[in-house]
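Notes follow the structure.
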Amino acid sequence: MDFAQVRAALALRPAERVADAVRSRAAVAVILRDGTDGLEALFIRRAEHPRDPWSGQVAFPGGRSEPRDPDLEATARRETLEEIGLDLHAAAELIGPLDEVRAMARLRPMDLSITPFVYRLREAAPTRLSPEVTSLHWLPLRALLDPASASTMQYVHEATTLSFPSLDVGGLVIWGLTYRMFTGLAERLRAASAPEDRANP
């Protein structure tokens, strides 16, 4: 997997928008870089906070749009700078958006949609964690796409244990909204590589 394939995958079709009207919009940054074993994707672990509906979860950097943001892509860049100190404007290039998703929190739909934007990190750049983030993790795209990483997340809600699809890469569990957004990228990557796979059985 290389950046040419990522570009081809995002060019397959325009990104879809959430059909229902929502009061708030947010954006996240799906940041990719060249690693020792192919492309890697950046994830963060959110800090534990009782008012955060995604407290402690693995996520992409990002957050809600503010009036000062000219567009949602600017939201993704601003939030990334605020949360992890990574200046995407200086160190990365935008590849394109993925499908917008309707946010869910504690099994309830929120009046919020989230647009993921995919970036290529051109060069090594410093990071600085805000109090909202406890750690950064670069995970190989190869491992994330490996069927062996597919897992199930057990979530206890109101005394009931529910199972959700997830990815487990080196003990880091990706589920919920972040899983849905990454799955959107994974589906495009697989669709883009399918003709090549058929041509080279």
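Following the order of the structure tokens, first chain is A, next is B, and so on, with residues numbered from 1 inside each chain and ligands from 1 in the order they appear.
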Can you write out as a Markdown table which residues of range 105-191 of chain A fall within 6 Å of range 79-84 of chain A, alongside each residue's closest atom pair and its distance in Å to one decimal, counting only C-alpha atoms and ordering rows by chain and ascending residue number?
| residue | atom | partner | partner_atom | distance |
| --- | --- | --- | --- | --- |
| A:Thr127 | CA | A:Ile84 | CA | 5.5 |
| A:Arg128 | CA | A:Ile84 | CA | 4.9 |
| A:Leu129 | CA | A:Ile84 | CA | 4.4 |
| A:Ser130 | CA | A:Glu83 | CA | 5.1 |
Hey, which bits of range 5-88 of chain A sit within 9 Å of range 100-124 of chain A, and for each residue what's the closest pair of atoms and how far apart in Å (one decimal), counting only C-alpha atoms, rows by chain and increasing number, as a Markdown table?
| residue | atom | partner | partner_atom | distance |
| --- | --- | --- | --- | --- |
| A:Leu10 | CA | A:Val118 | CA | 8.9 |
| A:Ala15 | CA | A:Glu100 | CA | 7.2 |
| A:Glu16 | CA | A:Glu100 | CA | 6.1 |
| A:Arg17 | CA | A:Glu100 | CA | 5.1 |
| A:Val18 | CA | A:Glu100 | CA | 5.9 |
| A:Asp20 | CA | A:Arg102 | CA | 8.9 |
| A:Ala21 | CA | A:Asp111 | CA | 8.3 |
| A:Val22 | CA | A:Asp111 | CA | 5.1 |
| A:Arg23 | CA | A:Asp111 | CA | 5.6 |
| A:Ser24 | CA | A:Leu112 | CA | 4.7 |
| A:Arg25 | CA | A:Ser113 | CA | 4.9 |
| A:Ala26 | CA | A:Ile114 | CA | 4.6 |
| A:Ala27 | CA | A:Thr115 | CA | 4.6 |
| A:Val28 | CA | A:Pro116 | CA | 4.8 |
| A:Ala29 | CA | A:Phe117 | CA | 5.1 |
| A:Val30 | CA | A:Val118 | CA | 4.6 |
| A:Ile31 | CA | A:Tyr119 | CA | 4.8 |
| A:Leu32 | CA | A:Arg120 | CA | 5.1 |
| A:Arg33 | CA | A:Leu121 | CA | 5.1 |
| A:Asp34 | CA | A:Leu121 | CA | 8.0 |
| A:Pro53 | CA | A:Ala105 | CA | 5.8 |
| A:Trp54 | CA | A:Ala105 | CA | 7.1 |
| A:Phe60 | CA | A:Pro116 | CA | 8.6 |
| A:Gly62 | CA | A:Pro116 | CA | 8.7 |
| A:Gly63 | CA | A:Ile114 | CA | 8.4 |
| A:Arg64 | CA | A:Ile114 | CA | 8.2 |
| A:Leu72 | CA | A:Thr115 | CA | 7.4 |
| A:Glu73 | CA | A:Phe117 | CA | 6.8 |
| A:Ala76 | CA | A:Phe117 | CA | 7.2 |
| A:Leu88 | CA | A:Leu121 | CA | 7.6 |
Computed interatomic separation between CA of Pro14 in chain A and CA of Gly35 in chain A (Å):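 It comes out at 28.0 Å.
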Could you check which of A:Ala8, A:Val133, A:Leu144, A:Ala41 is closest to Arg188 in chain A, using only C-alpha atoms?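 For Arg188 in chain A, the nearest of the given residues is A:Ala8.
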Report as an mmCIF file with N, CA and C atoms, in the first residue's frame all protein, DNA and RNA residues lying within 9 Å of Ser163 in chain A, evaluated on only C-alpha atoms, omitting residues in the same chain fewer than 2 positions from it.
data_model
loop_
_atom_site.group_PDB
_atom_site.id
_atom_site.type_symbol
_atom_site.label_atom_id
_atom_site.label_comp_id
_atom_site.auth_asym_id
_atom_site.auth_seq_id
_atom_site.Cartn_x
_atom_site.Cartn_y
_atom_site.Cartn_z
ATOM 1 N N THR A 152 -13.727 -8.103 18.725
ATOM 2 C CA THR A 152 -15.015 -7.694 19.275
ATOM 3 C C THR A 152 -14.792 -6.966 20.578
ATOM 4 N N MET A 153 -15.422 -5.818 20.717
ATOM 5 C CA MET A 153 -15.315 -5.006 21.927
ATOM 6 C C MET A 153 -16.528 -5.255 22.806
ATOM 7 N N GLN A 154 -16.304 -5.599 24.069
ATOM 8 C CA GLN A 154 -17.386 -5.792 25.021
ATOM 9 C C GLN A 154 -17.642 -4.482 25.762
ATOM 10 N N TYR A 155 -18.858 -3.983 25.674
ATOM 11 C CA TYR A 155 -19.201 -2.685 26.264
ATOM 12 C C TYR A 155 -20.396 -2.872 27.191
ATOM 13 N N VAL A 156 -20.237 -2.447 28.431
ATOM 14 C CA VAL A 156 -21.314 -2.580 29.414
ATOM 15 C C VAL A 156 -22.122 -1.291 29.437
ATOM 16 N N THR A 161 -24.230 -6.202 28.757
ATOM 17 C CA THR A 161 -22.983 -6.277 28.000
ATOM 18 C C THR A 161 -23.294 -6.416 26.524
ATOM 19 N N PRO A 165 -18.074 -4.512 16.829
ATOM 20 C CA PRO A 165 -16.891 -4.838 16.034
ATOM 21 C C PRO A 165 -15.759 -3.872 16.347
#
Which residues come within 12 Å of Arg51 in chain A, counting only C-alpha atoms, excluding same-chain residues fewer than 4 positions away, as a list in words?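 Here the qualifying residues turn out to be Ala47, Ser55, Gly56, Ala105 and Glu132 of chain A.
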Would you mind exporting the chosen residues as a PDB file, in the first residue's frame, restricted to N, CA and C atoms?
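What ended up in again32.pdb:
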ATOM      1  N   ALA A  47      -7.992  11.519  26.800  1.00  0.00           N
ATOM      2  CA  ALA A  47      -7.877  11.514  28.255  1.00  0.00           C
ATOM      3  C   ALA A  47      -9.211  11.133  28.887  1.00  0.00           C
ATOM      4  N   SER A  55     -14.607   9.436  26.311  1.00  0.00           N
ATOM      5  CA  SER A  55     -13.523   9.457  27.291  1.00  0.00           C
ATOM      6  C   SER A  55     -12.678   8.185  27.224  1.00  0.00           C
ATOM      7  N   GLY A  56     -11.358   8.369  27.127  1.00  0.00           N
ATOM      8  CA  GLY A  56     -10.437   7.239  27.167  1.00  0.00           C
ATOM      9  C   GLY A  56     -10.356   6.412  25.906  1.00  0.00           C
ATOM     10  N   ALA A 105     -23.066   8.402  20.776  1.00  0.00           N
ATOM     11  CA  ALA A 105     -22.393   8.393  22.068  1.00  0.00           C
ATOM     12  C   ALA A 105     -23.275   7.668  23.069  1.00  0.00           C
ATOM     13  N   GLU A 132      -6.094  16.991  26.737  1.00  0.00           N
ATOM     14  CA  GLU A 132      -7.169  16.158  26.198  1.00  0.00           C
ATOM     15  C   GLU A 132      -6.667  14.819  25.694  1.00  0.00           C
TER      16      GLU A 132
END
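Using only C-alpha atoms for every distance, the candidate list A:Ala194, A:Ala19, A:Ala148, A:Ala91 yields A:Ala194 as the residue closest to Gln5 in chain A.
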As number ranges by chain, please: all residues of chain A that backbone DSSP puts in strand (DSSP E or B). A: 24-35, 38-46, 58-59, 62-64, 92-97, 101-105, 108-121, 133-140, 150-157, 160-169, 172-175
How many Å lie between CA of Trp175 in chain A and CA of Leu145 in chain A, rounded to one decimal?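 Interatomic distance here is 14.1 Å.
The residue that comes closest to Glu187 in chain A, out of A:Arg45, A:His137, A:Val169, A:Leu12 and on the basis of only C-alpha atoms, is A:Leu12.
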Write out as a VMD selection string all residues of chain A that DSSP puts in alpha helix (DSSP H) for this structure's backbone. chain A and resid 3 to 10 72 to 84 88 to 91 141 to 145 176 to 199
Please produce a file of the residues just selected, as a PDB file, in the first residue's frame, where the atoms kept are C-alpha atoms.
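Output below, filename out.pdb:
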ATOM      1  CA  PHE A   3       0.141   6.966  -1.328  1.00  0.00           C
ATOM      2  CA  ALA A   4      -0.723   6.507  -5.004  1.00  0.00           C
ATOM      3  CA  GLN A   5      -3.167   3.775  -3.956  1.00  0.00           C
ATOM      4  CA  VAL A   6      -4.604   5.969  -1.211  1.00  0.00           C
ATOM      5  CA  ARG A   7      -5.186   8.786  -3.703  1.00  0.00           C
ATOM      6  CA  ALA A   8      -6.814   6.380  -6.129  1.00  0.00           C
ATOM      7  CA  ALA A   9      -9.053   5.036  -3.371  1.00  0.00           C
ATOM      8  CA  LEU A  10     -10.320   8.476  -2.402  1.00  0.00           C
ATOM      9  CA  LEU A  72     -14.418  21.721   8.046  1.00  0.00           C
ATOM     10  CA  GLU A  73     -10.959  20.965   6.700  1.00  0.00           C
ATOM     11  CA  ALA A  74      -9.730  23.994   8.612  1.00  0.00           C
ATOM     12  CA  THR A  75     -11.443  22.538  11.686  1.00  0.00           C
ATOM     13  CA  ALA A  76      -9.465  19.299  11.326  1.00  0.00           C
ATOM     14  CA  ARG A  77      -6.191  21.220  11.020  1.00  0.00           C
ATOM     15  CA  ARG A  78      -6.935  23.558  13.940  1.00  0.00           C
ATOM     16  CA  GLU A  79      -8.044  20.764  16.261  1.00  0.00           C
ATOM     17  CA  THR A  80      -4.999  18.660  15.394  1.00  0.00           C
ATOM     18  CA  LEU A  81      -2.716  21.561  16.241  1.00  0.00           C
ATOM     19  CA  GLU A  82      -4.545  22.194  19.520  1.00  0.00           C
ATOM     20  CA  GLU A  83      -4.703  18.549  20.606  1.00  0.00           C
ATOM     21  CA  ILE A  84      -1.298  17.197  19.603  1.00  0.00           C
ATOM     22  CA  LEU A  88      -0.742  19.989   9.249  1.00  0.00           C
ATOM     23  CA  HIS A  89      -0.588  23.197   7.239  1.00  0.00           C
ATOM     24  CA  ALA A  90       3.211  23.166   7.430  1.00  0.00           C
ATOM     25  CA  ALA A  91       4.030  19.452   7.462  1.00  0.00           C
ATOM     26  CA  LEU A 141      -1.836   0.251   7.788  1.00  0.00           C
ATOM     27  CA  ARG A 142      -0.931  -3.325   6.862  1.00  0.00           C
ATOM     28  CA  ALA A 143      -1.840  -4.506  10.382  1.00  0.00           C
ATOM     29  CA  LEU A 144      -5.018  -2.415  10.507  1.00  0.00           C
ATOM     30  CA  LEU A 145      -6.223  -3.961   7.231  1.00  0.00           C
ATOM     31  CA  GLY A 176     -17.120   2.944  17.859  1.00  0.00           C
ATOM     32  CA  LEU A 177     -16.902   6.132  15.791  1.00  0.00           C
ATOM     33  CA  THR A 178     -13.211   5.746  15.002  1.00  0.00           C
ATOM     34  CA  TYR A 179     -13.787   2.175  13.837  1.00  0.00           C
ATOM     35  CA  ARG A 180     -16.598   3.363  11.551  1.00  0.00           C
ATOM     36  CA  MET A 181     -14.426   6.108  10.065  1.00  0.00           C
ATOM     37  CA  PHE A 182     -11.435   3.830   9.543  1.00  0.00           C
ATOM     38  CA  THR A 183     -13.703   1.209   7.996  1.00  0.00           C
ATOM     39  CA  GLY A 184     -14.770   3.846   5.460  1.00  0.00           C
ATOM     40  CA  LEU A 185     -11.131   4.264   4.436  1.00  0.00           C
ATOM     41  CA  ALA A 186     -10.489   0.516   4.449  1.00  0.00           C
ATOM     42  CA  GLU A 187     -13.467  -0.175   2.164  1.00  0.00           C
ATOM     43  CA  ARG A 188     -12.184   2.366  -0.364  1.00  0.00           C
ATOM     44  CA  LEU A 189      -8.648   0.949  -0.246  1.00  0.00           C
ATOM     45  CA  ARG A 190      -9.911  -2.576  -0.855  1.00  0.00           C
ATOM     46  CA  ALA A 191     -12.155  -1.429  -3.708  1.00  0.00           C
ATOM     47  CA  ALA A 192      -9.284   0.451  -5.340  1.00  0.00           C
ATOM     48  CA  SER A 193      -6.957  -2.555  -5.139  1.00  0.00           C
ATOM     49  CA  ALA A 194      -9.530  -5.124  -6.330  1.00  0.00           C
ATOM     50  CA  PRO A 195      -8.849  -4.751 -10.106  1.00  0.00           C
ATOM     51  CA  GLU A 196      -5.104  -5.112  -9.478  1.00  0.00           C
ATOM     52  CA  ASP A 197      -5.709  -8.207  -7.342  1.00  0.00           C
ATOM     53  CA  ARG A 198      -7.832  -9.786 -10.083  1.00  0.00           C
ATOM     54  CA  ALA A 199      -5.169  -9.012 -12.670  1.00  0.00           C
TER      55      ALA A 199
END
Need to verify the contact set: Asp168 in chain A, 8 Å, only C-alpha atoms, exclusion of same-chain residues closer than 5 positions in sequence. Can you return it as a VMD selection string? chain A and resid 149 to 151 173 to 174
